[in-house]
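Peer 1: What follows is a structure written as structure tokens; I'll ask about it next.
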Amino acid sequence: MRGVERYRPKMRASRALGLLVLFVAAVAAAWWFVGRRPATVGDTIAVYYTKTDGVTLAPWRVSLGPARDRTSVAFYAVTQCIAGPPPGTPAVRFPAATRVLTVDVSGASATVDLSHEVAGASAEGSFAESAEFKALVWTLTQPSLGISTVNIRIDGARVATLPGGHLELDEALSRASF
Amino acid sequence: MRLFNRLAAGVLALGLLAVPARAQAPAPVLWFQGTRLVFEHAVPDRGDIAVSTRDGGLRKFLDRLGASVAFEPQSRYVIVTAQDRRTIVFTIDDASYTVDGVRLRAPFAVKADGSDAVLPFFALARALYIEAVPNGAETVLQPRVGVLDVRSDGPRTFVTVRAAMPLVSTTNAETAERLQITFVGQGSSLEGVRKPAGSALDEVNVGVGGSARVPTTTLTLSGIPGTTHRIIPADGPQAFTVVFEPRAGDADAGAQGATSPAPAATAAPPIVVGRSTVTDLTIEPAADDALSVRINLSSPANFEWHRLLDHRWYLDLSDTTLSGPGRDERPSFGAVQSVRVRQTGSSDAPVVRIAFTLSADEQIAIEPDDTGLTILVTNVTALDAERNGSGRTGLPAAAAGTPTDEPLASPTPWKFGPAPNGSRTIVIDPGHGGDDTGTAHNGLVEKTLTFEIAQRLRALLIAQGWTVRLTRDSDVDPVSNDNLARMRADGKPNADDRAYLQTRCDVANSVNARLFISLHVNSAPFSGARGSTFYWYKPQDAPFAQALERAVIAAAGTQDDGTRHENFYVVRHTTMPAVLIETAFVTNPADVELLRQPSFLQNLAQGIANGVKAFAGTPQASSVSAQ
């Protein structure tokens with residue numbers, strides 16, 4: 001009996017240690033899996049535009065091609081947003097010739113690099129400036145993309161504001177910014 | 001020149017010979033708008049030409065059409081945006097592509113080549129309304145009239161043609177009921193006669209002529225008896241719109257049509273001061289088969305929700321109005337069978353109700369934020385779900401939807417925010433200055449107008465007993481050397497830009513001012529936008545913005561564009577209640593007429609002064625001074 005009593009604690013200790021290691025490994029695996037799990041994206045994605053009252057957002061849905069990875073879809077959504085809704089739809093649009101240079105997605109943050117035309121003459125004043133970037137932020141932060149904040153670059157550089165001098169652009173924008 | 005062309009063709013042919021497999025045939029000689037289109041590297045492939053997105057020839061071609069291409073190696077999409085904002089979307093390793101959402105098939109799949117992508121050129125050109133037309137040994141890239149859009153709105157019928165290039169037209173024949181126009185330099189694939197039923201048009205006839213290099217398209221529009229027509233502005237030089245309507249039509253309807261060819265245009269929702277308005281409501285699928293309902297509100301509102309026993313659930317937004325009609329939707333996804341949005345309550349106590357019929361007691365998350373709230377209906381059945389709750393928008397998400405014994409924030413917007421700091425100083429910030437002119441249209445310059453209004457406002461506030469400081473006393477863009485040095489030293493980018501804006505904030509922060517008012521003049525890319533907008537960022541700014549809104553609209557008579565929460569630097573980085581006022585638009589004819597009148601500038605200043613008095617009262621007379 002004494003031998004058994006001495007043996008049991010050793011078994012319990014090693015089993016507990018093994019279980020602990022297994023538990024840590026499982027948590028690490030779950031963390032890794034959740035962190036790398038691709039966002040769920042359907043066949044279409046919502047792209048927002050701001051109506052001509054300068055404040056009301058409206059979505060239109062565009063069909064995705066076969067590429068569904070988050071970076072591709074984010075790039076696609078931003079480019080559609082910059083192009084704006086179909087011709088004839090009354091909307092506050094980004095200045096003509098504005099191009100999407102890059103869209104980088106990292107975790108819950110996206111960085112959008114736009115060409116300098118975005119700061120063109122039609123971007124003067126807070127009206128167009130806020131309407132345009134509101135639509136862009138809402139497009140990128142829709143639930144299926146898993147993005148909550150958007151950083152803006154112009155020709156690769158961070159800028160404090162657009163020439164209108166209003167919207168603060170060198171800090172991340174979110175839906176709460178508008 | 002001819003010798004050069006021959007040499008170039010020879011070099012191109014030699015280059016193509018070096019390409020194996022499908023590069024057996026030489027690339028065709030292409031002409032576009034009277035000049036030879038030469039690619040740096042083009043490979044014929046299954047009836048098309050493979051051209052890289054970085055090819056100088058392709059870039060010139062797109063530039064001529066006002067189009068641009070977007071591609072980055074990390075993304076699998078290659079997107080060309082046309083001048084009229086249509087998008088042509090290719091996917092790497094896929095032969096299908098979409099033109100404004102319509103799926104088509106290219107002869108070969110787009111390939112990525114390092115930081116470059118190789119596209120089917122003829123497929124792309126066709127999507128841009130450019131058709132390759134054989135012309136002897138050469139191929140002419142012929143601009144086309146690509147779209148003929150006939151649509152009716154009541155008794156009126158609109159005909160819009162869209163083309164690849166700016167339309168140059170000559171009118172051949174014109175009566176009230178008939179118009180014949182020829183577009184020179186544009187071919188068309190729309191040849192034929194059409195009889196649009198149920199419209200103001202009897203017949204639409206499209207004829208083509210000319211040569212491959214100089215094509216013509218003739219459009220003949222014949223209205224039904226008793227109609228007349230007029231040409232109205234289209235949304236760009238590549239489009240042309242004609243409206244046919246009854247000759248004895250309603251004058252008002254005609255006038256409306258003259259300025260608003262798009263019947264879908266919507267007016268700004270009315271904003272009632274002190275009451276919240278649903279400015280937008282979006283229903284869309286969310287991750288994990290959930291349904292997301294997003295409600296944007298013009299100002300914070302209280303809400304309460306109830307779960308009924310028969311799988312119905314509703315949320316009431318109190319003292320809130322809808323800006324449009326109610327909604328009835330049956331989403332084809334998630335656990336929600338129907339969504340209904342209704343205006344209920346009374347005119348004195350309006351309520352907006354959002355109601356769901358669910359398939360079971362699904363879990364529902366309510367996420368209020370500064371601009372409204374999001375209702376997320378999950379696909380997970382809630383066991384022993386709570387039956388009711390309440391909250392308020394404008395609060396952190398964690399505080400909402402959770403039953404609490406704490407009293408809710410007061411529904412009266414004038415009561416929240418920190419107590420006044422007791423200062424008797426108000427800082428006025430005339431926007432822009434010096435080299436920074438701000439917006440300038442119709443002979444009006446923003447920096448001049450803001451300074452003019454600021455001087456008038458200063459006099460009025462001093463008369464009320466306030467000490468007044470301006471962020472600039474002349475035509476300069478103020479910046480402090482300390483700010484420049486500090487901003488440059490802290491390692492953040494845009495040191496200079498931040499220093500300029502921070503200097504304006506510092507004027508107010510350094511004296512612990514009671515209020516900060518930044519004056520601006522707005523502009524828009526179209527002339528329809530008009531009115532005054534009051535921007536705020538911090539919670540204590542909101543009631544000040546509402547007070548200014550009410551007083552300025554009453555005194556100046558501008559259109560009320562409401563108060564808006566916005567991430568603007570000067571209202572964000574000041575420590576006291578601060579508002580940025582966009583007084584009127586220098587791009588709207590009616591506002592321009594107002595801004596040219598000194599009496600209007602005085603009324604604006606008087607309105608702002610009245611708003612200050614309504615919000616903050618008046619200071620002690622003993623502290624009066626002007627700086």
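Residues are named by chain letter and number: chains run A, B, ... in the order of the structure tokens, numbers start at 1 in each chain, and ligands are numbered from 1 in the order shown.
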Can you pull out every residue within 9 Å of Pro237 of chain B, counting only C-alpha atoms, but drop anything in the same chain fewer than 3 positions away, and send it as number ranges by chain?
Peer 2: B: 165-168, 234, 240
Peer 1: Residues as selected, N, CA and C atoms, written as an mmCIF file, in the first residue's frame, can you do that?
Peer 2:
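Once written, out_24.cif looks like this:
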```cif
data_model
loop_
_atom_site.group_PDB
_atom_site.id
_atom_site.type_symbol
_atom_site.label_atom_id
_atom_site.label_comp_id
_atom_site.auth_asym_id
_atom_site.auth_seq_id
_atom_site.Cartn_x
_atom_site.Cartn_y
_atom_site.Cartn_z
ATOM 1 N N MET B 165 -15.342 58.521 -76.864
ATOM 2 C CA MET B 165 -14.628 59.792 -76.895
ATOM 3 C C MET B 165 -15.646 60.924 -76.764
ATOM 4 N N PRO B 166 -15.185 62.134 -76.461
ATOM 5 C CA PRO B 166 -16.110 63.268 -76.409
ATOM 6 C C PRO B 166 -16.892 63.380 -77.723
ATOM 7 N N LEU B 167 -18.179 63.593 -77.605
ATOM 8 C CA LEU B 167 -19.066 63.583 -78.769
ATOM 9 C C LEU B 167 -19.028 64.929 -79.489
ATOM 10 N N VAL B 168 -18.759 64.850 -80.791
ATOM 11 C CA VAL B 168 -18.847 66.039 -81.641
ATOM 12 C C VAL B 168 -20.041 65.817 -82.546
ATOM 13 N N ALA B 234 -25.614 66.479 -69.986
ATOM 14 C CA ALA B 234 -25.306 65.104 -69.609
ATOM 15 C C ALA B 234 -24.151 65.126 -68.617
ATOM 16 N N PHE B 240 -24.617 62.331 -74.198
ATOM 17 C CA PHE B 240 -25.517 63.302 -74.830
ATOM 18 C C PHE B 240 -26.930 62.877 -74.488
#
```
Peer 1: Can you check which residues of chain B have any atom within 8 Å of chain A? Use only C-alpha atoms and format it as an MDAnalysis selection string.
Peer 2: chainID B and resid 66:72 74:77 79 81 83:87 90:91 94 97 100:101 235 262 264:268 279:280 282 286:288 369:371 438:439 493:494 497:498 521:525 529 564:570 582
Peer 1: For the residues in the current selection, export C-alpha atoms as an mmCIF file, in the first residue's frame.
Peer 2:
```cif
data_model
loop_
_atom_site.group_PDB
_atom_site.id
_atom_site.type_symbol
_atom_site.label_atom_id
_atom_site.label_comp_id
_atom_site.auth_asym_id
_atom_site.auth_seq_id
_atom_site.Cartn_x
_atom_site.Cartn_y
_atom_site.Cartn_z
ATOM 1 C CA GLY B 66 -9.521 59.127 -69.738
ATOM 2 C CA ALA B 67 -9.247 55.617 -68.320
ATOM 3 C CA SER B 68 -6.813 54.221 -65.763
ATOM 4 C CA VAL B 69 -5.641 50.799 -64.694
ATOM 5 C CA ALA B 70 -5.116 49.612 -61.111
ATOM 6 C CA PHE B 71 -3.115 46.528 -60.231
ATOM 7 C CA GLU B 72 -0.844 45.506 -57.403
ATOM 8 C CA GLN B 74 -0.662 41.236 -53.826
ATOM 9 C CA SER B 75 -4.122 41.482 -55.333
ATOM 10 C CA ARG B 76 -5.516 39.134 -57.940
ATOM 11 C CA TYR B 77 -7.722 41.778 -59.494
ATOM 12 C CA ILE B 79 -9.284 46.911 -62.614
ATOM 13 C CA THR B 81 -11.802 52.472 -64.623
ATOM 14 C CA GLN B 83 -13.796 57.852 -68.048
ATOM 15 C CA ASP B 84 -17.499 57.431 -67.261
ATOM 16 C CA ARG B 85 -16.541 55.526 -64.064
ATOM 17 C CA ARG B 86 -17.511 52.086 -65.336
ATOM 18 C CA THR B 87 -15.129 49.398 -64.165
ATOM 19 C CA PHE B 90 -10.043 41.082 -64.791
ATOM 20 C CA THR B 91 -8.881 38.357 -62.432
ATOM 21 C CA ASP B 94 -9.121 33.649 -65.115
ATOM 22 C CA TYR B 97 -13.984 39.437 -66.844
ATOM 23 C CA ASP B 100 -19.797 47.172 -65.091
ATOM 24 C CA GLY B 101 -20.929 43.937 -63.475
ATOM 25 C CA ASP B 235 -22.768 63.907 -67.071
ATOM 26 C CA ALA B 262 -32.040 61.794 -63.144
ATOM 27 C CA ALA B 264 -33.749 59.117 -58.786
ATOM 28 C CA ALA B 265 -32.192 62.266 -57.338
ATOM 29 C CA THR B 266 -33.163 62.711 -53.704
ATOM 30 C CA ALA B 267 -33.382 65.800 -51.573
ATOM 31 C CA ALA B 268 -31.529 66.116 -48.324
ATOM 32 C CA THR B 279 -30.549 59.660 -42.185
ATOM 33 C CA ASP B 280 -29.803 56.212 -43.583
ATOM 34 C CA THR B 282 -28.813 49.750 -44.492
ATOM 35 C CA ALA B 286 -22.747 39.951 -42.224
ATOM 36 C CA ALA B 287 -20.238 37.252 -41.382
ATOM 37 C CA ASP B 288 -21.422 33.845 -40.157
ATOM 38 C CA ASP B 369 -21.887 54.434 -31.533
ATOM 39 C CA ASP B 370 -21.478 58.132 -32.127
ATOM 40 C CA THR B 371 -23.456 58.176 -35.365
ATOM 41 C CA GLY B 438 -8.961 77.946 -49.272
ATOM 42 C CA THR B 439 -11.538 77.323 -51.933
ATOM 43 C CA PRO B 493 5.156 62.964 -40.464
ATOM 44 C CA ASN B 494 3.657 66.152 -41.855
ATOM 45 C CA ASP B 497 0.943 70.820 -41.763
ATOM 46 C CA ARG B 498 0.205 69.819 -38.209
ATOM 47 C CA VAL B 521 -16.832 78.505 -46.725
ATOM 48 C CA ASN B 522 -17.696 75.294 -48.499
ATOM 49 C CA SER B 523 -17.418 74.049 -52.065
ATOM 50 C CA ALA B 524 -18.629 70.957 -53.874
ATOM 51 C CA PRO B 525 -17.880 69.251 -57.181
ATOM 52 C CA ALA B 529 -24.955 71.507 -52.835
ATOM 53 C CA ARG B 564 -22.239 66.589 -38.259
ATOM 54 C CA HIS B 565 -19.735 64.637 -36.258
ATOM 55 C CA GLU B 566 -16.458 64.802 -38.165
ATOM 56 C CA ASN B 567 -12.794 64.166 -37.504
ATOM 57 C CA PHE B 568 -11.674 67.738 -38.223
ATOM 58 C CA TYR B 569 -8.368 68.811 -36.739
ATOM 59 C CA VAL B 570 -9.280 72.139 -35.164
ATOM 60 C CA GLU B 582 -19.168 75.853 -43.236
#
```
Peer 1: Separation of atom CA of Arg387 of chain B and atom CA of Thr277 of chain B, in Å?
Peer 2: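 Calculated distance between atom CA of Arg387 of chain B and atom CA of Thr277 of chain B is 26.4 Å.
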Peer 1: What are the DSSP strand (DSSP E or B) residues of segment 114-280 of chain B, as JSON, numbers by chain?
Peer 2: {"B": [116, 117, 118, 119, 120, 130, 131, 132, 133, 134, 135, 138, 139, 140, 141, 142, 143, 144, 145, 146, 147, 148, 149, 150, 151, 152, 153, 156, 157, 158, 159, 160, 161, 162, 163, 169, 170, 171, 172, 173, 174, 178, 179, 180, 181, 182, 183, 184, 187, 188, 192, 193, 194, 201, 202, 203, 204, 205, 206, 207, 208, 209, 210, 215, 216, 217, 218, 219, 220, 221, 222, 223, 227, 228, 229, 230, 231, 232, 239, 240, 241, 242, 243, 244, 245, 246, 276, 277, 278, 279, 280]}
Peer 1: Keeping C-alpha atoms, export the residues of the selection given above as a CSV table (one decimal), in the first residue's frame.
Peer 2:
```csv
chain,number,residue,atom,x,y,z
B,116,ASP,CA,2.8,43.5,-63.9
B,117,ALA,CA,-0.2,41.8,-65.5
B,118,VAL,CA,-0.9,40.9,-69.1
B,119,LEU,CA,-4.3,41.7,-70.5
B,120,PRO,CA,-6.3,40.9,-73.6
B,130,ILE,CA,-13.4,50.9,-79.0
B,131,GLU,CA,-13.8,48.4,-81.8
B,132,ALA,CA,-11.0,46.9,-83.9
B,133,VAL,CA,-12.1,47.4,-87.5
B,134,PRO,CA,-9.9,45.8,-90.3
B,135,ASN,CA,-8.9,48.4,-92.9
B,138,GLU,CA,-4.1,47.7,-91.0
B,139,THR,CA,-6.5,47.7,-88.1
B,140,VAL,CA,-8.3,50.8,-87.0
B,141,LEU,CA,-9.3,51.2,-83.4
B,142,GLN,CA,-12.7,52.9,-84.0
B,143,PRO,CA,-14.4,54.8,-81.2
B,144,ARG,CA,-18.0,53.8,-80.9
B,145,VAL,CA,-21.3,55.0,-79.6
B,146,GLY,CA,-21.5,52.2,-77.1
B,147,VAL,CA,-24.7,52.8,-75.2
B,148,LEU,CA,-28.2,54.0,-76.2
B,149,ASP,CA,-30.3,54.3,-73.1
B,150,VAL,CA,-34.0,55.0,-73.4
B,151,ARG,CA,-36.0,55.4,-70.2
B,152,SER,CA,-39.3,57.0,-69.3
B,153,ASP,CA,-40.2,58.9,-66.3
B,156,ARG,CA,-41.1,62.2,-70.3
B,157,THR,CA,-38.7,60.0,-72.1
B,158,PHE,CA,-34.9,60.4,-71.8
B,159,VAL,CA,-32.5,59.3,-74.5
B,160,THR,CA,-28.9,59.1,-73.5
B,161,VAL,CA,-26.0,58.0,-75.8
B,162,ARG,CA,-22.6,57.3,-74.4
B,163,ALA,CA,-19.5,57.0,-76.4
B,169,SER,CA,-22.3,66.4,-83.2
B,170,THR,CA,-24.0,68.2,-86.0
B,171,THR,CA,-27.7,68.7,-86.2
B,172,ASN,CA,-29.1,67.7,-89.6
B,173,ALA,CA,-32.8,68.3,-89.1
B,174,GLU,CA,-34.9,69.4,-86.2
B,178,ARG,CA,-38.1,65.0,-84.5
B,179,LEU,CA,-34.4,65.4,-84.1
B,180,GLN,CA,-31.6,64.0,-86.3
B,181,ILE,CA,-28.0,64.4,-85.1
B,182,THR,CA,-24.8,63.0,-86.6
B,183,PHE,CA,-21.9,62.2,-84.4
B,184,VAL,CA,-18.6,62.6,-86.3
B,187,GLY,CA,-19.0,54.4,-85.2
B,188,SER,CA,-21.6,52.2,-83.6
B,192,GLY,CA,-31.1,49.6,-86.5
B,193,VAL,CA,-34.7,50.9,-85.9
B,194,ARG,CA,-36.3,50.6,-82.5
B,201,LEU,CA,-40.9,58.3,-78.6
B,202,ASP,CA,-42.3,56.7,-81.7
B,203,GLU,CA,-39.0,55.6,-83.1
B,204,VAL,CA,-35.3,55.6,-82.5
B,205,ASN,CA,-33.2,55.1,-85.6
B,206,VAL,CA,-29.4,54.6,-85.5
B,207,GLY,CA,-27.5,54.7,-88.8
B,208,VAL,CA,-23.8,54.3,-89.4
B,209,GLY,CA,-21.7,55.6,-92.3
B,210,GLY,CA,-18.4,57.2,-93.1
B,215,PRO,CA,-16.9,56.9,-89.1
B,216,THR,CA,-20.2,58.6,-88.4
B,217,THR,CA,-23.3,57.7,-86.4
B,218,THR,CA,-26.6,59.3,-87.2
B,219,LEU,CA,-29.3,59.3,-84.5
B,220,THR,CA,-32.8,60.1,-85.5
B,221,LEU,CA,-35.4,60.5,-82.7
B,222,SER,CA,-39.1,60.8,-83.6
B,223,GLY,CA,-41.5,61.7,-80.8
B,227,THR,CA,-44.4,66.1,-78.1
B,228,THR,CA,-41.5,68.4,-78.1
B,229,HIS,CA,-37.8,67.8,-77.2
B,230,ARG,CA,-34.9,69.6,-75.6
B,231,ILE,CA,-31.2,68.7,-75.1
B,232,ILE,CA,-30.2,68.7,-71.5
B,239,ALA,CA,-22.6,61.5,-73.2
B,240,PHE,CA,-25.5,63.3,-74.8
B,241,THR,CA,-29.1,63.4,-73.5
B,242,VAL,CA,-32.3,64.4,-75.1
B,243,VAL,CA,-35.7,64.5,-73.4
B,244,PHE,CA,-39.0,64.2,-75.2
B,245,GLU,CA,-42.1,65.3,-73.3
B,246,PRO,CA,-45.7,66.5,-74.0
B,276,SER,CA,-32.9,62.9,-34.1
B,277,THR,CA,-33.5,61.8,-37.7
B,278,VAL,CA,-32.7,58.5,-39.3
B,279,THR,CA,-30.5,59.7,-42.2
B,280,ASP,CA,-29.8,56.2,-43.6
```
Peer 1: Could you tell me which of B:Arg504, B:His520, B:Arg36, B:Arg330 comes closest to Phe534 of chain B if we count only C-alpha atoms?
Peer 2: B:His520
Peer 1: I need the residues of segment 39-151 of chain A that end up classed as helix (DSSP H, G or I) by DSSP on the backbone, written out as a ChimeraX atom specification.
Peer 2: /A:70-83,116-119,121-123,125-140,143-145
Peer 1: Would you save the residues from that selection as a compact mmCIF listing (two decimals), in the first residue's frame, using C-alpha atoms?
Peer 2:
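Wrote it out as out_6.txt, contents follow:
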```txt
# COMPACT_ATOMS: atom_id res chain seq x y z
CA ARG A 70 -9.02 39.48 -48.21
CA THR A 71 -6.29 41.57 -49.85
CA SER A 72 -7.76 41.07 -53.31
CA VAL A 73 -11.29 41.82 -52.18
CA ALA A 74 -10.18 44.92 -50.28
CA PHE A 75 -8.31 46.20 -53.34
CA TYR A 76 -11.35 45.46 -55.48
CA ALA A 77 -13.73 47.20 -53.08
CA VAL A 78 -11.54 50.31 -52.81
CA THR A 79 -11.17 50.60 -56.58
CA GLN A 80 -14.92 50.27 -57.06
CA CYS A 81 -15.51 52.87 -54.36
CA ILE A 82 -13.13 55.34 -56.00
CA ALA A 83 -14.82 54.73 -59.36
CA HIS A 116 -2.46 62.78 -55.73
CA GLU A 117 -5.48 63.50 -57.92
CA VAL A 118 -7.60 62.78 -54.85
CA ALA A 119 -6.48 66.17 -53.57
CA ALA A 121 -9.72 70.96 -57.12
CA SER A 122 -12.99 69.12 -56.64
CA ALA A 123 -11.82 67.92 -53.23
CA GLY A 125 -14.08 72.11 -48.92
CA SER A 126 -15.28 69.79 -46.28
CA PHE A 127 -18.38 68.76 -48.18
CA ALA A 128 -16.79 66.50 -50.77
CA GLU A 129 -13.83 65.60 -48.58
CA SER A 130 -15.88 64.06 -45.80
CA ALA A 131 -18.43 62.50 -48.15
CA GLU A 132 -15.74 60.75 -50.18
CA PHE A 133 -13.74 59.36 -47.28
CA LYS A 134 -16.85 58.37 -45.37
CA ALA A 135 -17.84 56.14 -48.27
CA LEU A 136 -14.34 54.70 -48.52
CA VAL A 137 -14.14 53.90 -44.81
CA TRP A 138 -17.59 52.33 -44.73
CA THR A 139 -16.74 50.21 -47.75
CA LEU A 140 -13.59 48.82 -46.17
CA PRO A 143 -18.20 43.11 -41.47
CA SER A 144 -17.14 40.53 -44.06
CA LEU A 145 -13.71 42.14 -44.50
```
Peer 1: Kindly give the distance, in Å, that separates atom CA of Gly465 of chain B and atom CA of Thr450 of chain B, rounded to a single decimal.
Peer 2: 22.2 Å
Peer 1: Do you have the atom CA of Val150 of chain A-atom CA of Val112 of chain A distance handy?
Peer 2: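 Distance reported for this atom pair: 7.2 Å.
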